[in-house]
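Novice: One file: data.cif (mmCIF, C-alpha atoms and all ligand atoms).
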```
data_start
#
loop_
_atom_site.label_atom_id
_atom_site.label_comp_id
_atom_site.auth_asym_id
_atom_site.auth_seq_id
_atom_site.Cartn_x
_atom_site.Cartn_y
_atom_site.Cartn_z
CA MET A 1 -6.10 55.01 -6.14
CA GLN A 2 -8.26 53.12 -8.62
CA LYS A 3 -11.54 54.66 -9.74
CA LYS A 4 -14.12 54.17 -12.43
CA ILE A 5 -15.66 57.28 -13.97
CA ALA A 6 -18.84 57.31 -16.05
CA VAL A 7 -18.50 59.81 -18.90
CA ILE A 8 -21.52 61.41 -20.51
CA LEU A 9 -20.29 63.61 -23.34
CA GLY A 10 -23.76 64.94 -24.18
CA ASP A 11 -24.55 67.52 -26.85
CA GLY A 12 -22.98 70.51 -28.59
CA ILE A 13 -19.57 71.36 -27.14
CA GLY A 14 -20.03 68.72 -24.40
CA PRO A 15 -17.78 66.13 -26.11
CA GLU A 16 -14.90 68.48 -26.94
CA VAL A 17 -14.66 70.10 -23.50
CA THR A 18 -15.07 66.77 -21.68
CA GLN A 19 -12.27 65.22 -23.76
CA GLN A 20 -9.94 67.87 -22.30
CA SER A 21 -10.97 66.89 -18.77
CA ILE A 22 -10.26 63.26 -19.54
CA LYS A 23 -6.80 64.22 -20.79
CA VAL A 24 -6.27 66.16 -17.58
CA LEU A 25 -7.48 63.26 -15.41
CA ASN A 26 -5.18 60.91 -17.32
CA SER A 27 -2.27 63.24 -16.75
CA ILE A 28 -3.06 63.35 -13.02
CA ALA A 29 -3.36 59.56 -12.97
CA LYS A 30 -0.01 59.15 -14.72
CA ASN A 31 1.88 61.67 -12.59
CA TYR A 32 0.36 60.79 -9.22
CA GLN A 33 0.12 57.01 -9.64
CA HIS A 34 -3.63 56.61 -9.86
CA SER A 35 -5.67 54.56 -12.25
CA PHE A 36 -8.87 56.01 -13.72
CA SER A 37 -11.00 53.98 -16.10
CA TYR A 38 -13.88 55.42 -18.09
CA GLU A 39 -17.17 54.05 -19.26
CA TYR A 40 -19.07 56.12 -21.80
CA ALA A 41 -22.84 56.57 -21.65
CA LEU A 42 -25.45 58.41 -23.70
CA MET A 43 -27.72 61.25 -22.62
CA GLY A 44 -29.44 64.21 -24.29
CA ALA A 45 -30.12 64.89 -27.96
CA VAL A 46 -27.49 62.33 -29.03
CA ALA A 47 -29.28 59.71 -26.96
CA ILE A 48 -32.63 60.64 -28.55
CA ASP A 49 -31.08 60.36 -32.01
CA GLU A 50 -29.59 56.95 -31.25
CA THR A 51 -32.20 55.35 -29.01
CA GLY A 52 -35.28 57.59 -28.98
CA ASN A 53 -34.75 58.10 -25.23
CA PRO A 54 -32.89 61.10 -23.68
CA LEU A 55 -31.76 58.87 -20.78
CA PRO A 56 -31.46 55.19 -21.70
CA ASP A 57 -31.63 52.75 -18.74
CA GLU A 58 -28.13 51.61 -19.64
CA THR A 59 -26.83 55.11 -18.77
CA ILE A 60 -28.35 54.98 -15.28
CA LYS A 61 -26.82 51.53 -14.81
CA ILE A 62 -23.37 52.70 -15.88
CA CYS A 63 -23.59 55.75 -13.59
CA LEU A 64 -24.67 53.70 -10.59
CA SER A 65 -21.78 51.29 -11.07
CA SER A 66 -19.19 54.12 -11.22
CA ASP A 67 -17.36 56.14 -8.56
CA ALA A 68 -18.22 59.49 -10.16
CA ILE A 69 -19.79 60.91 -13.30
CA LEU A 70 -18.25 63.46 -15.63
CA PHE A 71 -20.81 65.18 -17.80
CA GLY A 72 -20.45 67.67 -20.68
CA ALA A 73 -23.54 69.61 -21.72
CA ILE A 74 -27.08 69.10 -22.90
CA GLY A 75 -29.42 70.73 -25.41
CA ASP A 76 -29.96 71.10 -29.14
CA PRO A 77 -31.58 74.02 -30.99
CA LYS A 78 -33.84 71.66 -32.93
CA TYR A 79 -35.72 71.06 -29.64
CA ASP A 80 -35.35 74.60 -28.21
CA ASN A 81 -37.24 76.01 -31.15
CA ASP A 82 -39.98 73.40 -31.02
CA PRO A 83 -42.12 73.96 -27.92
CA THR A 84 -44.42 71.10 -28.97
CA ALA A 85 -41.65 68.45 -28.87
CA LYS A 86 -42.74 65.64 -26.53
CA VAL A 87 -39.24 64.28 -25.97
CA ARG A 88 -36.54 66.80 -25.05
CA PRO A 89 -32.80 66.38 -24.32
CA GLU A 90 -33.06 68.21 -20.97
CA GLN A 91 -35.51 65.56 -19.70
CA GLY A 92 -32.51 63.21 -19.66
CA LEU A 93 -30.48 65.37 -17.28
CA LEU A 94 -33.46 66.11 -15.03
CA LYS A 95 -34.33 62.42 -14.81
CA LEU A 96 -30.71 61.50 -14.07
CA ARG A 97 -30.57 64.08 -11.24
CA LYS A 98 -33.81 62.67 -9.83
CA GLU A 99 -32.93 58.98 -10.24
CA LEU A 100 -29.51 59.44 -8.62
CA GLN A 101 -31.00 61.75 -5.95
CA LEU A 102 -28.42 64.44 -6.68
CA PHE A 103 -30.18 66.95 -4.47
CA ALA A 104 -27.37 69.49 -4.05
CA ASN A 105 -25.71 71.34 -6.88
CA ILE A 106 -22.59 73.13 -5.67
CA ARG A 107 -21.40 76.03 -7.82
CA PRO A 108 -18.31 77.93 -6.65
CA VAL A 109 -17.91 81.47 -7.98
CA LYS A 110 -14.59 83.30 -7.99
CA THR A 111 -13.02 86.15 -9.88
CA TYR A 112 -9.67 86.32 -11.68
CA ALA A 113 -7.52 89.45 -11.60
CA SER A 114 -6.48 88.88 -15.24
CA LEU A 115 -10.10 88.76 -16.42
CA GLN A 116 -11.52 91.81 -14.68
CA HIS A 117 -11.72 93.73 -17.94
CA LEU A 118 -14.24 91.17 -19.23
CA THR A 119 -16.90 91.90 -16.67
CA PRO A 120 -19.15 94.91 -16.99
CA LEU A 121 -18.59 95.65 -13.28
CA LYS A 122 -16.18 98.17 -11.83
CA PRO A 123 -12.94 96.37 -10.77
CA HIS A 124 -13.19 97.29 -7.07
CA LEU A 125 -16.50 95.38 -6.84
CA LEU A 126 -14.76 92.17 -7.89
CA GLU A 127 -12.16 92.19 -5.13
CA ASN A 128 -12.53 89.37 -2.58
CA VAL A 129 -15.38 87.72 -4.45
CA ASP A 130 -15.42 84.06 -3.47
CA PHE A 131 -18.72 82.37 -2.81
CA ILE A 132 -20.50 79.07 -3.36
CA ILE A 133 -24.05 78.65 -4.52
CA PHE A 134 -25.88 75.64 -3.10
CA ARG A 135 -28.71 75.05 -5.51
CA GLU A 136 -31.39 72.47 -4.62
CA LEU A 137 -31.55 70.18 -7.65
CA THR A 138 -34.30 67.59 -7.41
CA GLY A 139 -37.37 69.54 -6.29
CA GLY A 140 -39.34 72.73 -6.84
CA ILE A 141 -40.97 73.91 -10.01
CA TYR A 142 -38.64 71.81 -12.20
CA PHE A 143 -40.31 68.64 -10.97
CA GLY A 144 -43.85 69.77 -10.07
CA ALA A 145 -46.94 68.65 -11.95
CA LYS A 146 -47.19 70.26 -15.38
CA THR A 147 -50.47 70.76 -17.15
CA LEU A 148 -51.67 72.16 -20.42
CA SER A 149 -55.38 72.65 -20.95
CA GLU A 150 -57.00 70.72 -23.76
CA ASP A 151 -57.46 73.83 -25.86
CA GLY A 152 -53.79 74.70 -25.29
CA THR A 153 -54.51 78.13 -23.79
CA VAL A 154 -53.60 77.58 -20.12
CA ALA A 155 -50.48 75.94 -18.69
CA THR A 156 -49.32 75.33 -15.12
CA ASP A 157 -46.12 74.24 -13.37
CA GLY A 158 -46.50 73.19 -9.76
CA CYS A 159 -43.83 74.02 -7.18
CA SER A 160 -43.52 71.93 -4.04
CA TYR A 161 -40.90 71.36 -1.35
CA SER A 162 -40.93 69.11 1.69
CA VAL A 163 -39.17 69.75 5.00
CA LEU A 164 -36.89 66.80 4.28
CA GLU A 165 -35.85 68.14 0.89
CA ILE A 166 -34.93 71.48 2.43
CA GLU A 167 -33.22 70.03 5.50
CA ARG A 168 -30.76 67.77 3.68
CA ILE A 169 -29.31 70.49 1.45
CA ALA A 170 -29.45 73.09 4.24
CA HIS A 171 -27.29 70.90 6.49
CA LEU A 172 -24.76 70.50 3.70
CA ALA A 173 -24.67 74.25 3.06
CA PHE A 174 -24.25 75.04 6.78
CA GLN A 175 -21.41 72.51 7.03
CA TYR A 176 -19.61 74.23 4.15
CA ALA A 177 -20.23 77.65 5.67
CA GLN A 178 -18.73 76.46 8.92
CA LYS A 179 -15.52 75.53 7.09
CA ARG A 180 -15.44 78.82 5.17
CA ARG A 181 -16.18 82.39 6.24
CA LYS A 182 -19.16 81.30 8.36
CA LYS A 183 -21.87 83.17 6.54
CA LEU A 184 -24.95 81.69 4.89
CA THR A 185 -27.49 83.59 2.82
CA LEU A 186 -30.84 81.99 2.07
CA VAL A 187 -32.29 83.31 -1.17
CA ASP A 188 -36.05 82.91 -1.46
CA LYS A 189 -39.26 84.76 -2.21
CA ALA A 190 -40.86 84.34 1.20
CA ASN A 191 -42.93 87.50 0.80
CA VAL A 192 -44.93 85.75 -1.94
CA LEU A 193 -44.38 81.99 -2.11
CA GLU A 194 -45.55 79.37 0.38
CA THR A 195 -42.63 77.09 -0.53
CA SER A 196 -40.21 79.94 0.27
CA ARG A 197 -41.86 80.46 3.67
CA LEU A 198 -41.24 76.77 4.39
CA TRP A 199 -37.58 77.16 3.33
CA ARG A 200 -37.21 80.11 5.70
CA LYS A 201 -38.82 78.29 8.62
CA VAL A 202 -36.72 75.15 8.13
CA VAL A 203 -33.47 77.11 7.68
CA GLN A 204 -34.20 79.21 10.78
CA GLY A 205 -34.61 75.97 12.75
CA ILE A 206 -31.42 74.39 11.39
CA ALA A 207 -29.42 77.57 11.99
CA LYS A 208 -29.67 76.90 15.74
CA ASN A 209 -27.40 73.86 15.22
CA TYR A 210 -24.70 76.04 13.66
CA PRO A 211 -24.36 78.96 16.07
CA GLU A 212 -21.07 80.19 14.58
CA VAL A 213 -22.65 80.67 11.17
CA ALA A 214 -24.24 84.09 10.59
CA VAL A 215 -27.43 83.69 8.55
CA ASP A 216 -29.17 86.28 6.47
CA TYR A 217 -32.18 86.12 4.22
CA LEU A 218 -32.64 87.82 0.86
CA PHE A 219 -35.60 87.88 -1.47
CA VAL A 220 -34.46 86.60 -4.84
CA ASP A 221 -35.14 89.89 -6.65
CA ASN A 222 -32.94 91.72 -4.14
CA ALA A 223 -30.32 88.93 -4.31
CA ALA A 224 -30.13 89.32 -8.09
CA MET A 225 -29.32 92.99 -7.52
CA GLN A 226 -26.87 92.37 -4.63
CA ILE A 227 -24.83 89.89 -6.72
CA ILE A 228 -24.01 92.81 -9.01
CA LEU A 229 -23.89 95.61 -6.42
CA ASN A 230 -21.85 93.92 -3.72
CA PRO A 231 -20.83 90.36 -4.62
CA ALA A 232 -18.06 90.19 -1.99
CA GLN A 233 -20.71 90.05 0.76
CA PHE A 234 -21.57 86.41 -0.05
CA ASP A 235 -19.97 83.27 1.34
CA VAL A 236 -22.46 80.38 1.03
CA VAL A 237 -25.68 81.07 -0.85
CA LEU A 238 -28.45 78.53 -0.34
CA THR A 239 -31.44 78.50 -2.64
CA GLU A 240 -34.08 76.42 -4.38
CA ASN A 241 -33.84 74.91 -7.84
CA LEU A 242 -35.09 77.62 -10.22
CA PHE A 243 -33.63 80.58 -8.31
CA GLY A 244 -30.27 78.76 -8.17
CA ASP A 245 -30.32 78.14 -11.92
CA ILE A 246 -30.90 81.82 -12.61
CA ILE A 247 -28.54 83.41 -10.10
CA SER A 248 -25.67 81.07 -10.97
CA ASP A 249 -25.67 82.18 -14.61
CA GLU A 250 -25.81 85.74 -13.33
CA ALA A 251 -22.89 85.10 -10.97
CA SER A 252 -20.75 83.73 -13.82
CA VAL A 253 -20.56 87.30 -15.15
CA LEU A 254 -18.38 88.08 -12.13
CA ALA A 255 -15.81 85.47 -13.20
CA GLY A 256 -15.60 86.89 -16.71
CA SER A 257 -17.14 84.05 -18.69
CA LEU A 258 -19.88 81.47 -18.28
CA GLY A 259 -17.32 79.03 -19.68
CA LEU A 260 -15.29 79.11 -16.45
CA LEU A 261 -17.76 77.91 -13.85
CA PRO A 262 -17.64 74.30 -12.64
CA SER A 263 -20.17 72.42 -10.56
CA ALA A 264 -20.64 69.29 -8.51
CA SER A 265 -23.97 67.61 -7.93
CA VAL A 266 -24.07 65.43 -4.87
CA GLY A 267 -26.71 63.44 -3.05
CA ASN A 268 -27.48 59.94 -1.98
CA THR A 269 -25.63 58.01 -4.68
CA VAL A 270 -22.74 58.67 -7.05
CA ALA A 271 -21.79 62.35 -7.59
CA LEU A 272 -21.84 64.14 -10.95
CA PHE A 273 -19.48 66.86 -12.16
CA GLU A 274 -20.34 69.26 -14.96
CA PRO A 275 -19.62 72.81 -16.13
CA ILE A 276 -22.56 75.15 -15.58
CA HIS A 277 -22.62 76.26 -19.21
CA GLY A 278 -24.94 74.85 -21.84
CA SER A 279 -24.22 73.01 -25.10
CA TYR A 280 -23.28 76.20 -27.05
CA PRO A 281 -24.31 74.61 -30.38
CA GLN A 282 -22.86 77.46 -32.47
CA ALA A 283 -19.36 76.43 -31.37
CA LYS A 284 -19.83 72.67 -31.70
CA GLY A 285 -16.90 70.91 -33.39
CA LYS A 286 -14.98 74.18 -33.90
CA ASP A 287 -12.45 73.61 -31.10
CA ILE A 288 -13.09 77.12 -29.77
CA ALA A 289 -15.08 76.42 -26.59
CA ASN A 290 -13.59 77.15 -23.19
CA PRO A 291 -12.64 73.83 -21.57
CA LEU A 292 -11.95 75.33 -18.14
CA GLY A 293 -15.51 74.96 -16.80
CA SER A 294 -15.22 71.22 -17.47
CA ILE A 295 -11.60 70.94 -16.31
CA LEU A 296 -12.41 72.76 -13.05
CA SER A 297 -15.35 70.37 -12.61
CA ALA A 298 -12.84 67.52 -12.97
CA ALA A 299 -10.85 69.22 -10.18
CA MET A 300 -13.99 69.07 -8.01
CA LEU A 301 -14.24 65.37 -8.91
CA LEU A 302 -10.68 64.87 -7.66
CA ASP A 303 -11.58 66.66 -4.41
CA HIS A 304 -14.54 64.32 -4.11
CA PHE A 305 -12.12 61.35 -4.29
CA GLY A 306 -10.12 62.99 -1.48
CA LEU A 307 -7.32 63.88 -3.93
CA ASN A 308 -7.01 67.50 -2.81
CA THR A 309 -3.36 67.98 -3.81
CA GLU A 310 -4.16 66.78 -7.31
CA ALA A 311 -7.30 68.94 -7.48
CA ASN A 312 -5.29 71.99 -6.42
CA ILE A 313 -2.69 71.37 -9.13
CA VAL A 314 -5.45 71.35 -11.74
CA ARG A 315 -6.82 74.63 -10.37
CA GLU A 316 -3.33 76.09 -10.27
CA ALA A 317 -2.83 75.06 -13.91
CA ALA A 318 -6.10 76.78 -14.87
CA ASP A 319 -5.06 79.97 -13.04
CA TRP A 320 -1.70 79.80 -14.79
CA CYS A 321 -3.36 79.55 -18.23
CA LEU A 322 -5.62 82.49 -17.45
CA SER A 323 -2.90 84.74 -16.10
CA ASN A 324 -0.59 83.92 -19.03
CA LYS A 325 -3.35 84.60 -21.54
CA PHE A 326 -3.56 81.02 -22.79
CA VAL A 327 -7.28 81.56 -23.16
CA SER A 328 -10.14 80.61 -25.45
CA LYS A 329 -12.15 82.85 -27.73
CA ASP A 330 -14.83 83.75 -25.16
CA ILE A 331 -12.09 85.41 -23.12
CA ASP A 332 -10.00 86.92 -25.89
CA PRO A 333 -11.69 87.18 -29.30
CA VAL A 334 -8.41 88.20 -30.98
CA ASN A 335 -5.52 86.24 -29.45
CA ASN A 336 -6.84 82.89 -28.41
CA TYR A 337 -6.00 79.22 -28.14
CA THR A 338 -8.08 76.23 -29.14
CA THR A 339 -9.99 74.03 -26.72
CA THR A 340 -7.48 71.25 -27.38
CA ALA A 341 -4.42 73.51 -26.93
CA ILE A 342 -5.68 74.69 -23.54
CA GLY A 343 -6.26 71.07 -22.48
CA ASP A 344 -2.70 70.24 -23.59
CA LEU A 345 -1.25 73.22 -21.71
CA ILE A 346 -2.99 72.16 -18.50
CA CYS A 347 -1.56 68.64 -18.91
CA GLU A 348 1.92 70.04 -19.57
CA TYR A 349 1.69 72.15 -16.43
CA ILE A 350 0.70 69.09 -14.40
CA GLU A 351 3.52 67.07 -15.91
CA ARG A 352 6.20 69.73 -15.33
CA ASN A 353 4.95 70.42 -11.86
CA ALA A 354 5.12 66.75 -10.96
CA LYS A 355 8.67 66.62 -12.23
CA ARG A 356 9.36 69.88 -10.41
CA GLU A 357 11.14 71.29 -13.43
CA GLY A 358 9.61 74.69 -12.97
CA HIS A 359 10.25 75.52 -16.59
CA VAL A 360 7.90 74.79 -19.45
CA HIS A 361 8.94 74.77 -23.06
CA HIS A 362 6.02 74.98 -25.46
CA ASP A 363 7.17 73.46 -28.71
CA ARG A 364 3.80 74.08 -30.25
CA LEU A 365 3.75 77.67 -29.10
CA HIS A 366 7.39 78.27 -29.91
CA LYS A 367 7.98 80.03 -26.68
CA SER A 368 9.21 79.38 -23.20
CA THR A 369 7.37 80.29 -20.05
CA ILE A 370 8.58 80.27 -16.49
CA ILE A 371 6.10 78.81 -14.03
C1 LIG B 1 -28.12 73.95 -15.57
C2 LIG B 1 -28.91 73.94 -16.85
C3 LIG B 1 -30.06 72.94 -16.75
C4 LIG B 1 -30.97 73.40 -15.62
C5 LIG B 1 -30.84 72.71 -18.05
C6 LIG B 1 -29.95 72.30 -19.19
C7 LIG B 1 -31.96 71.72 -17.86
O1 LIG B 1 -29.37 75.21 -17.16
O2 LIG B 1 -27.62 72.89 -15.17
O3 LIG B 1 -27.99 75.03 -14.97
O4 LIG B 1 -31.85 74.25 -15.85
O5 LIG B 1 -30.83 72.89 -14.52
MG MG B 2 -28.63 76.74 -15.91
#
```
Please express what this file holds, its structure, as structure tokens.
Ligand code: IPM
Ligand code: MG
Specialist:
Amino acid sequence: MQKKIAVILGDGIGPEVTQQSIKVLNSIAKNYQHSFSYEYALMGAVAIDETGNPLPDETIKICLSSDAILFGAIGDPKYDNDPTAKVRPEQGLLKLRKELQLFANIRPVKTYASLQHLTPLKPHLLENVDFIIFRELTGGIYFGAKTLSEDGTVATDGCSYSVLEIERIAHLAFQYAQKRRKKLTLVDKANVLETSRLWRKVVQGIAKNYPEVAVDYLFVDNAAMQIILNPAQFDVVLTENLFGDIISDEASVLAGSLGLLPSASVGNTVALFEPIHGSYPQAKGKDIANPLGSILSAAMLLDHFGLNTEANIVREAADWCLSNKFVSKDIDPVNNYTTTAIGDLICEYIERNAKREGHVHHDRLHKSTII
């Protein structure tokens, strides 16, 4: 298979984690006879520094002429701490999502037996946790009209949703639920918000087309509590933009580290794959960031190309690293491996697996490990 991938390294740790994914994709290409080519594009604070624009037109053009987009992270403290900044890195990502009509952000959440000690939850609560958050990505309060009064004392952010915007992601979420454990939870705030009441009405209507899927409804405040109290109850969680942003960071606590969660954003054009974490500027250039969120996003990209065997090998390699303690500093502050070393180990696993050797010798690590 021949594919072209647009790569947006972005800010902070974005470049170093994305480089590991590219290594992994190259290893897959080499061992499974595919050909992936990459075209690099700018977005975020780096794009502002170079062009004055967080999303140059050239980037949109490159994305639209590619088969998928791999993206790192966005954000820089010099903008976070300046609420008066007119141009912000995040505007680039939001505009890209809107321009490419990436209306559904899919965030799978799972737990790892070897990482249970990292979560503040009791181990029995983490058993059988495996759910997917479907976060609406191009509507809601993120994109509503924003105002600031002339005297700077009153600000507003409008929140709006149309039936069409709700329907298209709801259908996608129901289709996933049908292929999984057949349960869908709509998270909203229908006791207060008009937009949430529209979500509930539309989802109730669509549910009739998917009779095998059991649907339940949770107010977002209750959902935030249930994710901690009883996370195994969830299968597919459907929610609007802001609620999805918040509960997905919360859900990453179940996995053990925010650095582990991948995501796919899909819609009407080319799909984008990115870890859910931010740009983690404190770690930038230190080779300590966890590359697995990005590498697992690359696995979702392979799934998107229909390369499920290859995607599963990447996931298997990530599981293998975690269970053998080849982990980054966020997971083990004392005995840890660099971002680059973890990328290399994943590639070695892929290589050995393809050759069916079943035995990996780590020259760099000076030890042998049976797979
Ligand atoms: C995410 C991020 C973004 C969002 C930021 C960087 C704009 O938090 O993808 O979850 O809020 O959508
Ligand atoms: Mg977020």
Novice: Between A:Gly139, A:Pro231, A:Gly278, A:Gly152, which is the closest to ligand LIG 1 (chain B) once you count all atoms listed in the file?
Specialist: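 Closest to ligand LIG 1 (chain B), using all atoms listed in the file: A:Gly278.
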Novice: Can you list every residue of chain A that has an atom at most 12 Å from ligand MG 2 (chain B), with its nearest atom pair and the distance in Å to one decimal, using all atoms listed in the file, ordered by chain then number, as CSV?
Specialist:
```
residue,atom,partner,partner_atom,distance
A:Ala73,CA,B:MG2,MG,10.5
A:Ile74,CA,B:MG2,MG,10.5
A:Gly75,CA,B:MG2,MG,11.3
A:Glu90,CA,B:MG2,MG,10.9
A:Leu93,CA,B:MG2,MG,11.6
A:Leu94,CA,B:MG2,MG,11.7
A:Asn105,CA,B:MG2,MG,10.9
A:Arg107,CA,B:MG2,MG,10.9
A:Arg135,CA,B:MG2,MG,10.5
A:Leu137,CA,B:MG2,MG,10.9
A:Tyr142,CA,B:MG2,MG,11.8
A:Asn241,CA,B:MG2,MG,9.8
A:Leu242,CA,B:MG2,MG,8.7
A:Phe243,CA,B:MG2,MG,9.9
A:Gly244,CA,B:MG2,MG,8.2
A:Asp245,CA,B:MG2,MG,4.6
A:Ile246,CA,B:MG2,MG,6.5
A:Ile247,CA,B:MG2,MG,8.8
A:Ser248,CA,B:MG2,MG,7.2
A:Asp249,CA,B:MG2,MG,6.3
A:Glu250,CA,B:MG2,MG,9.8
A:Ala251,CA,B:MG2,MG,11.3
A:Ser252,CA,B:MG2,MG,10.7
A:Leu258,CA,B:MG2,MG,10.2
A:Leu261,CA,B:MG2,MG,11.1
A:Pro262,CA,B:MG2,MG,11.7
A:Ser263,CA,B:MG2,MG,10.9
A:Glu274,CA,B:MG2,MG,11.2
A:Pro275,CA,B:MG2,MG,9.8
A:Ile276,CA,B:MG2,MG,6.3
A:His277,CA,B:MG2,MG,6.9
A:Gly278,CA,B:MG2,MG,7.2
A:Ser279,CA,B:MG2,MG,10.9
```
Novice: Measuring atom to atom with all atoms listed in the file, identify which of A:Asp188, A:Glu39, A:Asp82, A:Asp76 is nearest to ligand LIG 1 (chain B).
Specialist: A:Asp76
Novice: Select all residues near (-17.2, 80.6, -6.6) (cut-off 8 Å, inclusive, file coordinates), counting all atoms listed in the file, and output them as a list in words.
Specialist: Arg107, Pro108, Val109, Lys110, Thr111, Val129, Asp130, Phe131, Ile132, Ile133 and Leu261 of chain A
Novice: Kindly provide, as lines of an AutoDock Vina configuration file, the centre and edge lengths (Å, one decimal) of an axis-aligned box around all atoms of region 292-300 of chain A given in the file, with 4 Å on each side.
Specialist:
```
center_x = -13.2
center_y = 71.4
center_z = -13.1
size_x = 12.7
size_y = 15.8
size_z = 18.1
```
Novice: Which neighbours of Phe36 (chain A) fall inside 10 Å, counting only C-alpha atoms, when residues of the same chain fewer than 5 positions from it are skipped, and could you give them as a PyMOL selection string?
Specialist: chain A and resi 1-5+22+25-26+28-30+67
Novice: Give me, please, the distance in Å between CA of Arg97 (chain A) and CA of Gly72 (chain A), quoted to one decimal.
Specialist: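 Going from CA of Arg97 (chain A) over to CA of Gly72 (chain A) covers 14.3 Å.
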Novice: Which residues are close to Lys23 (chain A), i.e. within 8 Å by only C-alpha atoms, leaving aside same-chain residues fewer than 5 positions away? Reply as a VMD selection string.
Specialist: chain A and resid 343 to 344 347
Novice: Next, write the just-selected residues to a file, as a PDB file, in the frame of the given file, keeping C-alpha atoms as the atom set.
Specialist:
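Dumped everything to result-v7.pdb:
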```
ATOM      1  CA  GLY A 343      -6.260  71.070 -22.480  1.00  0.00           C
ATOM      2  CA  ASP A 344      -2.700  70.240 -23.590  1.00  0.00           C
ATOM      3  CA  CYS A 347      -1.560  68.640 -18.910  1.00  0.00           C
TER       4      CYS A 347
END
```
Novice: Show me, as a VMD selection string, the residues that have an atom within 8 Å of Pro291 (chain A) when counting all atoms listed in the file, minus same-chain residues fewer than 5 positions from it.
Specialist: chain A and resid 16 to 18 20 to 21 259 to 260 339 342 to 343
